[in-house]
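Shown here: model-v5.txt, compact mmCIF, C-alpha atoms.
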```txt
# COMPACT_ATOMS: atom_id res chain seq x y z
CA MET A 1 17.07 -108.44 79.88
CA SER A 2 19.22 -105.38 80.46
CA ALA A 3 23.01 -105.67 80.40
CA SER A 4 23.20 -104.99 84.15
CA GLN A 5 20.67 -107.66 85.06
CA THR A 6 21.78 -111.20 85.89
CA THR A 7 19.83 -114.40 85.47
CA ASP A 8 19.23 -114.45 89.24
CA ASP A 9 17.77 -110.95 89.56
CA PRO A 10 14.14 -110.76 90.78
CA THR A 11 11.51 -110.46 88.05
CA LEU A 12 7.72 -110.30 87.92
CA LEU A 13 5.53 -112.16 85.45
CA VAL A 14 2.43 -110.06 84.75
CA LYS A 15 -0.38 -112.03 83.13
CA ILE A 16 -3.52 -110.33 81.79
CA PHE A 17 -6.41 -112.34 80.38
CA GLY A 18 -9.97 -111.73 79.29
CA LYS A 19 -11.98 -110.46 76.32
CA ASP A 20 -9.75 -108.87 73.69
CA ARG A 21 -10.35 -105.25 72.75
CA PRO A 22 -8.26 -102.38 71.37
CA GLY A 23 -5.99 -100.63 73.86
CA ILE A 24 -5.28 -103.45 76.31
CA THR A 25 -1.59 -103.82 75.48
CA ALA A 26 -0.95 -100.07 75.38
CA GLY A 27 -2.89 -99.59 78.62
CA LEU A 28 -0.89 -102.21 80.49
CA PHE A 29 2.43 -100.70 79.46
CA ASP A 30 1.24 -97.21 80.32
CA THR A 31 0.46 -98.56 83.80
CA LEU A 32 3.85 -100.27 84.13
CA ALA A 33 5.76 -97.23 82.81
CA ALA A 34 5.05 -95.31 86.02
CA TYR A 35 7.32 -97.77 87.86
CA SER A 36 10.35 -97.48 85.51
CA VAL A 37 10.61 -101.23 84.97
CA ASP A 38 12.35 -102.90 82.02
CA VAL A 39 10.61 -105.40 79.74
CA VAL A 40 12.43 -108.75 79.75
CA ASP A 41 9.97 -110.76 77.63
CA ILE A 42 6.48 -110.40 76.20
CA GLU A 43 4.02 -112.68 74.47
CA GLN A 44 0.39 -112.23 73.50
CA VAL A 45 -2.10 -114.75 72.17
CA VAL A 46 -5.69 -114.18 71.06
CA THR A 47 -7.97 -117.18 70.57
CA ARG A 48 -11.65 -116.76 69.68
CA GLY A 49 -11.63 -113.23 71.00
CA ARG A 50 -9.99 -114.10 74.33
CA MET A 51 -6.60 -112.57 75.06
CA VAL A 52 -3.71 -113.82 77.17
CA LEU A 53 -0.95 -111.21 77.53
CA CYS A 54 2.19 -112.18 79.47
CA VAL A 55 4.91 -109.64 80.29
CA LEU A 56 8.09 -110.44 82.21
CA ILE A 57 9.48 -107.29 83.86
CA THR A 58 12.29 -106.33 86.20
CA GLN A 59 11.37 -105.81 89.82
CA PRO A 60 10.48 -102.17 90.60
CA SER A 61 12.46 -100.05 93.02
CA ALA A 62 12.41 -101.00 96.70
CA GLY A 63 9.06 -100.56 98.35
CA LEU A 64 7.11 -100.13 95.08
CA GLU A 65 6.24 -103.74 94.25
CA GLY A 66 3.09 -103.75 96.37
CA ASP A 67 1.90 -100.52 94.81
CA LEU A 68 2.61 -101.87 91.29
CA ARG A 69 0.60 -105.02 92.02
CA ALA A 70 -2.36 -103.04 93.35
CA THR A 71 -2.28 -100.61 90.43
CA VAL A 72 -2.14 -103.37 87.80
CA HIS A 73 -5.03 -105.25 89.42
CA SER A 74 -7.07 -102.04 89.61
CA TRP A 75 -6.37 -101.19 85.98
CA ALA A 76 -7.27 -104.73 84.86
CA GLU A 77 -10.56 -104.58 86.75
CA SER A 78 -11.39 -101.25 85.10
CA MET A 79 -10.85 -102.96 81.71
CA LYS A 80 -13.00 -105.96 82.75
CA MET A 81 -9.87 -108.16 82.57
CA GLN A 82 -8.18 -110.41 85.13
CA ALA A 83 -4.60 -110.06 86.30
CA GLU A 84 -2.11 -112.44 87.88
CA ILE A 85 1.38 -111.39 89.03
CA ILE A 86 3.98 -114.02 89.90
CA SER A 87 7.36 -113.34 91.51
CA GLY A 88 10.45 -115.16 90.33
CA ARG A 89 14.04 -114.77 89.25
CA GLY A 90 15.66 -114.14 85.91
CA ASP A 91 14.47 -114.82 82.38
CA ASN A 92 13.06 -117.95 80.76
CA ARG A 93 15.29 -121.00 80.98
CA PRO A 94 17.65 -121.33 78.01
CA ARG A 95 16.31 -123.42 75.14
CA GLY A 96 18.04 -126.68 74.38
CA LEU A 97 20.30 -127.09 71.38
CA GLY A 98 18.55 -127.92 68.13
CA ARG A 99 15.78 -125.77 66.67
CA SER A 100 13.05 -127.15 64.45
CA LEU A 101 9.69 -126.05 63.14
CA VAL A 102 7.07 -128.79 63.01
CA THR A 103 4.06 -128.10 60.80
CA VAL A 104 1.04 -130.36 61.27
CA LEU A 105 -1.80 -130.46 58.72
CA GLY A 106 -5.12 -132.09 59.55
CA HIS A 107 -8.43 -132.34 57.74
CA PRO A 108 -9.63 -132.18 60.47
CA LEU A 109 -6.89 -131.93 63.09
CA THR A 110 -8.14 -133.95 66.05
CA ALA A 111 -7.22 -133.57 69.71
CA ALA A 112 -6.06 -137.19 69.74
CA ALA A 113 -3.68 -136.65 66.83
CA THR A 114 -2.32 -133.46 68.39
CA ALA A 115 -1.73 -135.28 71.68
CA ARG A 116 0.20 -138.05 69.93
CA ILE A 117 2.38 -135.61 67.98
CA ALA A 118 3.15 -133.61 71.14
CA ALA A 119 3.97 -136.80 73.06
CA ARG A 120 6.32 -138.00 70.31
CA ILE A 121 8.14 -134.65 70.34
CA THR A 122 8.65 -135.01 74.09
CA ALA A 123 9.73 -138.65 73.79
CA SER A 124 12.33 -137.57 71.21
CA GLY A 125 13.88 -135.18 73.71
CA GLY A 126 12.27 -132.04 72.32
CA ASN A 127 10.53 -129.20 74.11
CA ILE A 128 7.62 -127.30 72.55
CA ASP A 129 8.45 -123.62 72.97
CA ARG A 130 5.56 -122.11 71.04
CA ILE A 131 2.50 -123.16 69.02
CA PHE A 132 0.98 -121.02 66.29
CA ARG A 133 -1.95 -121.63 63.94
CA LEU A 134 -1.07 -120.99 60.31
CA ALA A 135 -4.45 -121.73 58.74
CA LYS A 136 -7.93 -122.99 59.46
CA TYR A 137 -8.91 -123.80 55.85
CA PRO A 138 -8.83 -125.65 53.52
CA VAL A 139 -7.04 -127.62 56.25
CA THR A 140 -6.11 -126.85 59.84
CA ALA A 141 -2.38 -126.10 59.97
CA VAL A 142 -0.43 -125.47 63.16
CA GLU A 143 3.26 -124.88 63.70
CA PHE A 144 5.24 -126.07 66.72
CA ALA A 145 8.56 -124.38 67.52
CA VAL A 146 10.66 -127.14 69.06
CA SER A 147 14.06 -127.05 70.74
CA GLY A 148 16.30 -129.62 72.35
CA VAL A 149 16.47 -132.17 69.53
CA GLU A 150 18.11 -132.12 66.11
CA THR A 151 15.89 -131.85 63.03
CA GLU A 152 16.67 -135.17 61.31
CA PRO A 153 15.89 -137.55 64.21
CA LEU A 154 12.78 -135.53 65.02
CA ARG A 155 11.64 -135.75 61.39
CA THR A 156 12.14 -139.52 61.39
CA ALA A 157 10.22 -139.98 64.65
CA LEU A 158 7.29 -137.82 63.57
CA ALA A 159 7.03 -139.33 60.08
CA THR A 160 6.18 -142.69 61.60
CA GLU A 161 3.64 -141.14 63.95
CA ALA A 162 2.03 -139.05 61.19
CA ALA A 163 1.52 -142.06 58.94
CA ALA A 164 -0.24 -143.93 61.75
CA LEU A 165 -2.45 -140.93 62.58
CA GLY A 166 -3.41 -139.94 59.05
CA VAL A 167 -2.07 -136.39 59.39
CA ASP A 168 0.69 -134.63 57.46
CA VAL A 169 3.78 -133.46 59.34
CA ALA A 170 6.73 -131.46 58.03
CA VAL A 171 9.88 -130.87 60.09
CA VAL A 172 12.38 -128.24 58.97
CA SER A 173 15.33 -126.59 60.64
CA ALA A 174 14.47 -123.21 62.14
CA GLY A 175 16.50 -120.20 61.11
CA LEU A 176 16.59 -117.12 58.93
CA HIS A 177 16.97 -119.19 55.75
CA ARG A 178 13.42 -120.51 56.07
CA ARG A 179 11.92 -117.26 54.82
CA ALA A 180 14.81 -116.29 52.56
CA GLN A 181 14.20 -116.09 48.83
CA ARG A 182 13.78 -119.61 47.55
CA LEU A 183 13.14 -121.74 44.51
CA VAL A 184 10.14 -124.08 44.32
CA VAL A 185 10.17 -126.72 41.57
CA MET A 186 7.16 -128.93 40.87
CA ASP A 187 6.36 -131.98 38.87
CA VAL A 188 3.45 -131.36 36.49
CA ASP A 189 1.34 -134.47 35.91
CA SER A 190 -0.81 -135.29 38.96
CA THR A 191 0.92 -132.50 40.90
CA LEU A 192 0.52 -129.08 39.29
CA ILE A 193 -2.29 -130.49 37.17
CA GLN A 194 -4.80 -133.25 37.85
CA ASP A 195 -4.09 -135.09 34.62
CA GLU A 196 -1.42 -137.26 33.01
CA VAL A 197 -0.73 -135.34 29.79
CA ILE A 198 0.24 -138.37 27.75
CA GLU A 199 -3.10 -139.94 28.61
CA LEU A 200 -4.88 -136.85 27.27
CA PHE A 201 -3.01 -137.30 23.98
CA ALA A 202 -3.74 -141.03 24.04
CA ARG A 203 -7.45 -140.36 24.40
CA HIS A 204 -7.40 -138.60 21.04
CA ALA A 205 -5.37 -141.47 19.55
CA GLY A 206 -7.77 -144.11 20.89
CA CYS A 207 -5.12 -145.89 22.98
CA GLU A 208 -5.76 -144.42 26.42
CA ASP A 209 -6.06 -147.74 28.26
CA LYS A 210 -2.74 -149.05 26.93
CA VAL A 211 -0.92 -145.83 27.80
CA ALA A 212 -2.50 -145.59 31.27
CA GLU A 213 -1.37 -149.11 32.11
CA VAL A 214 2.24 -148.33 31.22
CA THR A 215 2.10 -144.96 33.01
CA ALA A 216 0.87 -146.52 36.25
CA ALA A 217 3.63 -149.13 36.22
CA ALA A 218 6.26 -146.45 35.60
CA MET A 219 4.98 -144.23 38.44
CA ARG A 220 5.10 -147.20 40.81
CA GLY A 221 8.75 -147.66 39.87
CA GLU A 222 8.14 -151.02 38.17
CA LEU A 223 9.41 -149.88 34.75
CA ASP A 224 12.35 -147.83 33.55
CA PHE A 225 10.92 -144.37 32.85
CA GLU A 226 12.76 -143.69 29.57
CA GLU A 227 11.81 -147.06 28.14
CA SER A 228 8.19 -146.58 29.14
CA LEU A 229 8.19 -143.05 27.71
CA HIS A 230 9.30 -144.25 24.28
CA ALA A 231 6.78 -147.09 24.37
CA ARG A 232 3.90 -144.76 25.18
CA VAL A 233 4.86 -142.01 22.75
CA ALA A 234 5.16 -144.58 19.94
CA LEU A 235 1.42 -145.21 20.32
CA LEU A 236 0.75 -141.58 19.35
CA ALA A 237 2.35 -141.88 15.90
CA GLY A 238 0.23 -140.32 13.15
CA LEU A 239 -1.84 -138.11 15.47
CA ASP A 240 -2.58 -134.72 13.93
CA ALA A 241 -0.63 -131.85 15.54
CA SER A 242 -3.84 -129.88 15.97
CA VAL A 243 -4.54 -132.08 18.97
CA VAL A 244 -1.95 -130.08 20.96
CA GLU A 245 -4.34 -127.14 21.35
CA LYS A 246 -7.13 -129.50 22.35
CA VAL A 247 -4.98 -131.12 25.04
CA ARG A 248 -3.92 -127.70 26.38
CA SER A 249 -7.59 -126.79 26.79
CA GLU A 250 -8.32 -130.06 28.58
CA VAL A 251 -5.60 -129.68 31.23
CA ARG A 252 -7.08 -129.15 34.71
CA LEU A 253 -5.01 -127.36 37.32
CA THR A 254 -4.91 -128.94 40.77
CA PRO A 255 -7.05 -127.04 43.31
CA GLY A 256 -4.88 -124.40 44.93
CA ALA A 257 -2.27 -124.37 42.14
CA ARG A 258 -2.87 -120.77 41.10
CA THR A 259 -2.94 -119.63 44.73
CA LEU A 260 0.32 -121.43 45.47
CA ILE A 261 2.16 -119.85 42.55
CA ARG A 262 0.63 -116.41 43.00
CA THR A 263 1.58 -116.31 46.69
CA LEU A 264 5.10 -117.60 46.13
CA LYS A 265 5.75 -115.07 43.40
CA ARG A 266 4.47 -112.19 45.52
CA LEU A 267 6.77 -113.23 48.36
CA GLY A 268 9.81 -113.23 46.08
CA TYR A 269 10.14 -116.95 45.35
CA GLN A 270 11.06 -118.27 41.93
CA VAL A 271 8.90 -121.13 40.66
CA GLY A 272 9.57 -123.77 38.05
CA VAL A 273 8.27 -127.06 36.70
CA VAL A 274 10.00 -130.18 35.44
CA SER A 275 7.99 -132.85 33.71
CA GLY A 276 8.24 -136.23 32.12
CA GLY A 277 5.43 -134.90 29.95
CA PHE A 278 5.82 -132.56 27.03
CA THR A 279 6.95 -129.01 26.29
CA GLN A 280 3.89 -128.63 24.09
CA VAL A 281 1.95 -128.33 27.39
CA THR A 282 4.55 -127.07 29.90
CA ASP A 283 5.49 -124.07 27.73
CA ASP A 284 1.82 -123.07 27.74
CA LEU A 285 1.62 -123.50 31.54
CA LYS A 286 4.76 -121.41 31.98
CA GLU A 287 3.20 -118.53 30.06
CA ARG A 288 -0.23 -118.81 31.68
CA LEU A 289 1.04 -119.07 35.27
CA GLY A 290 4.07 -116.77 35.05
CA LEU A 291 6.57 -119.50 35.90
CA ASP A 292 10.28 -118.74 35.91
CA PHE A 293 11.47 -122.15 34.66
CA ALA A 294 9.96 -125.04 32.70
CA GLN A 295 11.50 -128.13 31.14
CA ALA A 296 9.96 -131.30 29.73
CA ASN A 297 10.29 -133.76 26.88
CA THR A 298 9.39 -132.63 23.37
CA LEU A 299 7.13 -134.53 21.00
CA GLU A 300 8.51 -134.64 17.48
CA ILE A 301 6.13 -133.20 14.88
CA VAL A 302 6.82 -133.59 11.14
CA ASP A 303 4.49 -132.40 8.39
CA GLY A 304 1.77 -131.63 10.92
CA LYS A 305 1.79 -135.12 12.47
CA LEU A 306 3.21 -136.62 15.64
CA THR A 307 5.95 -139.08 14.66
CA GLY A 308 5.72 -141.19 17.81
CA ARG A 309 9.16 -140.04 18.93
CA VAL A 310 10.59 -137.46 21.34
CA VAL A 311 13.51 -135.18 20.51
CA GLY A 312 16.18 -133.52 22.64
CA GLU A 313 17.17 -134.15 26.25
CA ILE A 314 15.08 -136.78 28.01
CA VAL A 315 13.59 -135.62 31.32
CA ASP A 316 13.57 -138.75 33.44
CA ARG A 317 14.16 -139.41 37.15
CA ALA A 318 17.83 -138.37 37.08
CA GLY A 319 17.02 -135.54 34.67
CA LYS A 320 14.58 -133.94 37.10
CA ALA A 321 17.22 -133.75 39.82
CA ARG A 322 19.72 -132.39 37.30
CA LEU A 323 17.26 -129.68 36.23
CA LEU A 324 16.54 -128.74 39.86
CA ARG A 325 20.26 -128.07 40.30
CA ARG A 326 20.40 -126.14 37.03
CA PHE A 327 17.41 -123.97 37.94
CA ALA A 328 18.88 -123.31 41.40
CA ALA A 329 22.19 -122.21 39.87
CA GLU A 330 20.42 -119.90 37.41
CA ALA A 331 18.23 -118.48 40.19
CA GLY A 332 21.21 -117.95 42.50
CA VAL A 333 19.56 -120.02 45.24
CA PRO A 334 21.52 -122.59 47.29
CA LEU A 335 20.22 -126.12 46.83
CA SER A 336 19.51 -126.21 50.58
CA GLN A 337 16.90 -123.49 50.04
CA THR A 338 15.02 -125.26 47.27
CA VAL A 339 11.68 -127.01 47.60
CA ALA A 340 10.65 -129.85 45.28
CA ILE A 341 7.11 -131.22 44.96
CA GLY A 342 6.13 -134.42 43.17
CA ASP A 343 4.06 -137.58 43.28
CA GLY A 344 5.81 -140.31 41.31
CA ALA A 345 8.84 -142.57 41.56
CA ASN A 346 10.56 -140.52 38.85
CA ASP A 347 10.42 -137.51 41.21
CA LEU A 348 12.39 -139.19 44.00
CA ASP A 349 15.87 -138.00 43.01
CA MET A 350 14.58 -134.44 42.77
CA LEU A 351 12.77 -134.66 46.12
CA ASN A 352 15.87 -135.99 47.85
CA ALA A 353 18.18 -133.40 46.25
CA ALA A 354 16.05 -130.44 47.40
CA GLY A 355 16.31 -128.77 50.77
CA LEU A 356 12.71 -129.85 51.35
CA GLY A 357 11.09 -132.61 49.30
CA VAL A 358 7.29 -132.78 49.46
CA ALA A 359 5.41 -135.87 48.29
CA PHE A 360 2.02 -134.60 47.11
CA ASN A 361 -0.73 -137.23 47.16
CA ALA A 362 2.04 -139.61 46.21
CA LYS A 363 2.46 -143.31 45.74
CA PRO A 364 3.57 -145.20 48.90
CA VAL A 365 7.18 -145.62 47.72
CA VAL A 366 7.43 -141.85 47.28
CA ARG A 367 5.77 -140.94 50.60
CA GLU A 368 8.19 -143.18 52.46
CA ALA A 369 11.28 -141.63 50.84
CA ALA A 370 10.35 -137.92 50.82
CA HIS A 371 11.10 -135.46 53.61
CA THR A 372 7.39 -134.89 54.13
CA ALA A 373 4.06 -135.73 52.55
CA VAL A 374 0.83 -133.85 51.87
CA ASN A 375 -2.20 -136.06 51.41
CA VAL A 376 -4.98 -133.51 50.93
CA PRO A 377 -6.09 -132.43 47.42
CA PHE A 378 -5.11 -128.76 47.80
CA LEU A 379 -1.73 -127.79 46.38
CA ASP A 380 -1.64 -124.47 48.24
CA THR A 381 -1.34 -126.32 51.56
CA VAL A 382 2.36 -126.62 50.69
CA LEU A 383 2.55 -122.93 51.64
CA TYR A 384 1.95 -123.82 55.27
CA LEU A 385 4.96 -126.13 55.25
CA LEU A 386 7.00 -123.03 54.40
CA GLY A 387 5.57 -121.11 57.36
CA ILE A 388 3.34 -118.93 55.16
CA THR A 389 0.05 -118.16 56.89
CA ARG A 390 -3.44 -118.09 55.43
CA GLU A 391 -3.52 -114.34 56.06
CA GLU A 392 -0.49 -113.90 53.79
CA VAL A 393 -2.17 -116.03 51.14
CA GLU A 394 -5.28 -113.87 51.27
CA ALA A 395 -3.17 -110.72 51.09
CA ALA A 396 -1.57 -112.06 47.90
CA ASP A 397 -5.03 -112.76 46.46
CA ALA A 398 -6.24 -109.28 47.35
CA GLN A 399 -3.24 -107.67 45.70
CA VAL A 400 -3.72 -109.67 42.51
CA GLY A 401 -7.41 -108.79 42.46
CA ALA A 402 -6.82 -105.08 43.08
```
What does this structure look like when you write it as structure tokens?
Amino acid sequence: MSASQTTDDPTLLVKIFGKDRPGITAGLFDTLAAYSVDVVDIEQVVTRGRMVLCVLITQPSAGLEGDLRATVHSWAESMKMQAEIISGRGDNRPRGLGRSLVTVLGHPLTAAATARIAARITASGGNIDRIFRLAKYPVTAVEFAVSGVETEPLRTALATEAAALGVDVAVVSAGLHRRAQRLVVMDVDSTLIQDEVIELFARHAGCEDKVAEVTAAAMRGELDFEESLHARVALLAGLDASVVEKVRSEVRLTPGARTLIRTLKRLGYQVGVVSGGFTQVTDDLKERLGLDFAQANTLEIVDGKLTGRVVGEIVDRAGKARLLRRFAAEAGVPLSQTVAIGDGANDLDMLNAAGLGVAFNAKPVVREAAHTAVNVPFLDTVLYLLGITREEVEAADAQVGA
């Protein structure tokens, strides 16, 4: 809106819709230019090849509105489009205080689920200003720009609704910081990779069942992590150190892990991992994936054998949060602009300390406490929670492959 125009000045909303083709937008503005109008607002959407172009303009000089209407309709007909022109006053109504971005992931995303999410936003006092599809595979991801309600109460309201509907919903505060350079820190076992590393070692030691039982109890929060770590590692005593290379070769990355890291790195993010597992594996992952940070426990090896002990700083629940803060300080990234991803109870402090904590295919206690949850088996869907579109992901892949 020009400086001389008031909110009560007459305006015209010009709406063009029909089959999309090159030149429609330029053609409309060429037509409007003859009437020396100002552009107040503009929005264009294309869905399955059908375009809707809305332009809010100032009213033309006296006596020219009828001619403008006739000319626009004639131009639209020549382009095999339809036109609608609505008189009114001023710009759009001011948005309410509070700006949030709500990302909804569905596999599939049903109309019923979308209706419930939209209704809950409205019931919370929010208004949906814009909806944008981020991705159509491997999940459908859409983003709602919402105003009129603060982020935290909206997040709480939608978390309850999402759990009932079986969809994933993330709510973050809108603003420039969302796409600023960030730090993403992930857990390793059952997050970055599909395996529990200590169970891979245990398989070679013939004690996999015993270790798995203790691991499961620890991840559910039923056992103190450090105590359970020492108990499990003790079962590996005497194992030949050559098994380290075998375990590294057995590690399976979670689907989408490479895409997630590759895209983040291309967009200027720093990426790290913290693990209750072992540096013998995380150091290898750091090199293979080009990670910026990695920290884990270290298995003691003496005379070519595992001693059944760990050495150095223990990475437990509190340690993961401490390392997130350390990585953020080293990266020069405010803690509010960090993202943490994990699945177990020992990730909770880290998830809560981060600006955005994502529970990835997590245990119930973790899903309930995290900012948001992702319950599909594709790690790269976390990108959509950051507002990164599938097109940007594919551009990153193309650049790497070039």
Practice prompt. Would you mind listing what lies within 7 Å of Val40 (chain A) as a list in words, with all atoms listed in the file counted and same-chain residues fewer than 3 positions away left out?
Written response: Met1, Leu56, Ile57, Thr58 and Asp91 of chain A
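A straight line drawn from CA of Ile117 (chain A) to CA of Arg367 (chain A) is 18.5 Å long.
With only C-alpha atoms as the atoms that count, the minimum distance from Val104 (chain A) to the choices A:Val374, A:Ile193, A:Val311, A:Ala353 is reached by A:Val374.
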Practice prompt. Have a look at A:Ser78, A:Gln59, A:Thr31, A:Thr215 and name the one nearest to Pro10 (chain A); count only C-alpha atoms.
Written response: A:Gln59
Non-local contacts of Phe278 (chain A) (6 Å; all atoms listed in the file; under 2 positions in same chain excluded) as a PDB file with C-alpha atoms, keeping the file's coordinate frame:
```
ATOM      1  CA  GLN A 280       3.890-128.630  24.090  1.00  0.00           C
ATOM      2  CA  VAL A 281       1.950-128.330  27.390  1.00  0.00           C
ATOM      3  CA  ALA A 296       9.960-131.300  29.730  1.00  0.00           C
ATOM      4  CA  ASN A 297      10.290-133.760  26.880  1.00  0.00           C
ATOM      5  CA  THR A 298       9.390-132.630  23.370  1.00  0.00           C
TER       6      THR A 298
END
```
Practice prompt. Enumerate, as a ChimeraX atom specification, the protein, DNA and RNA residues whose atoms approach (10.1, -133.2, 27.1) to within 12 Å, taking into account only C-alpha atoms and the coordinate frame of the file.
Written response: /A:188,197-198,226,229-230,233,273-283,294-300,309-316,319-320
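Nearest residue to Thr151 (chain A), choosing from A:Val211, A:Val172, A:Leu260, A:Ala369 and counting all atoms listed in the file: A:Val172.
We find CA of Leu200 (chain A) and CA of Asp240 (chain A) to be spaced 13.7 Å apart.
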Discussion item. At a cut-off of 12 Å, using all atoms listed in the file, what residues contact Ala157 (chain A)? Leave out same-chain residues fewer than 5 positions from it and give the result as a ChimeraX atom specification.
Written reply: /A:102,116-126,149-152,162-164,169-171,371
Response to the item:
Of A:Val271, A:Leu183, A:Gly290, A:Ala241, the one nearest to Val333 (chain A) when counting only C-alpha atoms is A:Leu183
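Counting from CA of Cys207 (chain A), the distance to CA of Pro364 (chain A) is 27.3 Å.
Ranking A:Val376, A:Ala216, A:Ala112, A:Ala202 by their shortest atom-to-atom distance to Leu235 (chain A), with all atoms listed in the file included, puts A:Ala202 first.
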Discussion item. Could you list, as JSON, numbers by chain, every residue within 12 Å of Thr114 (chain A), counting only C-alpha atoms and ignoring same-chain residues fewer than 6 positions away?
Written reply: {"A": [102, 103, 104, 105, 106, 108, 120, 121, 131, 140, 141, 142, 143, 144, 158, 161, 162, 165, 166, 167, 168, 169]}
Item to complete: Skip Tyr384 (chain A) itself and residues of its chain fewer than 4 positions away, then list as a count of residues only all residues within 7 Å of it, counting all atoms listed in the file.
Response: 4
Worksheet item: With all atoms listed in the file as the atoms that count, which of A:Val214, A:Asp41, A:Leu264, A:Glu77 lies nearest to Asn92 (chain A)?
Response: A:Asp41
Given 4 Å of margin on each side, can you work out the centre and size in Å (one decimal) of an axis-aligned box holding every listed atom of region 220-236 of chain A, as lines of an AutoDock Vina configuration file?
```
center_x = 6.8
center_y = -146.3
center_z = 30.1
size_x = 20.0
size_y = 17.4
size_z = 29.5
```
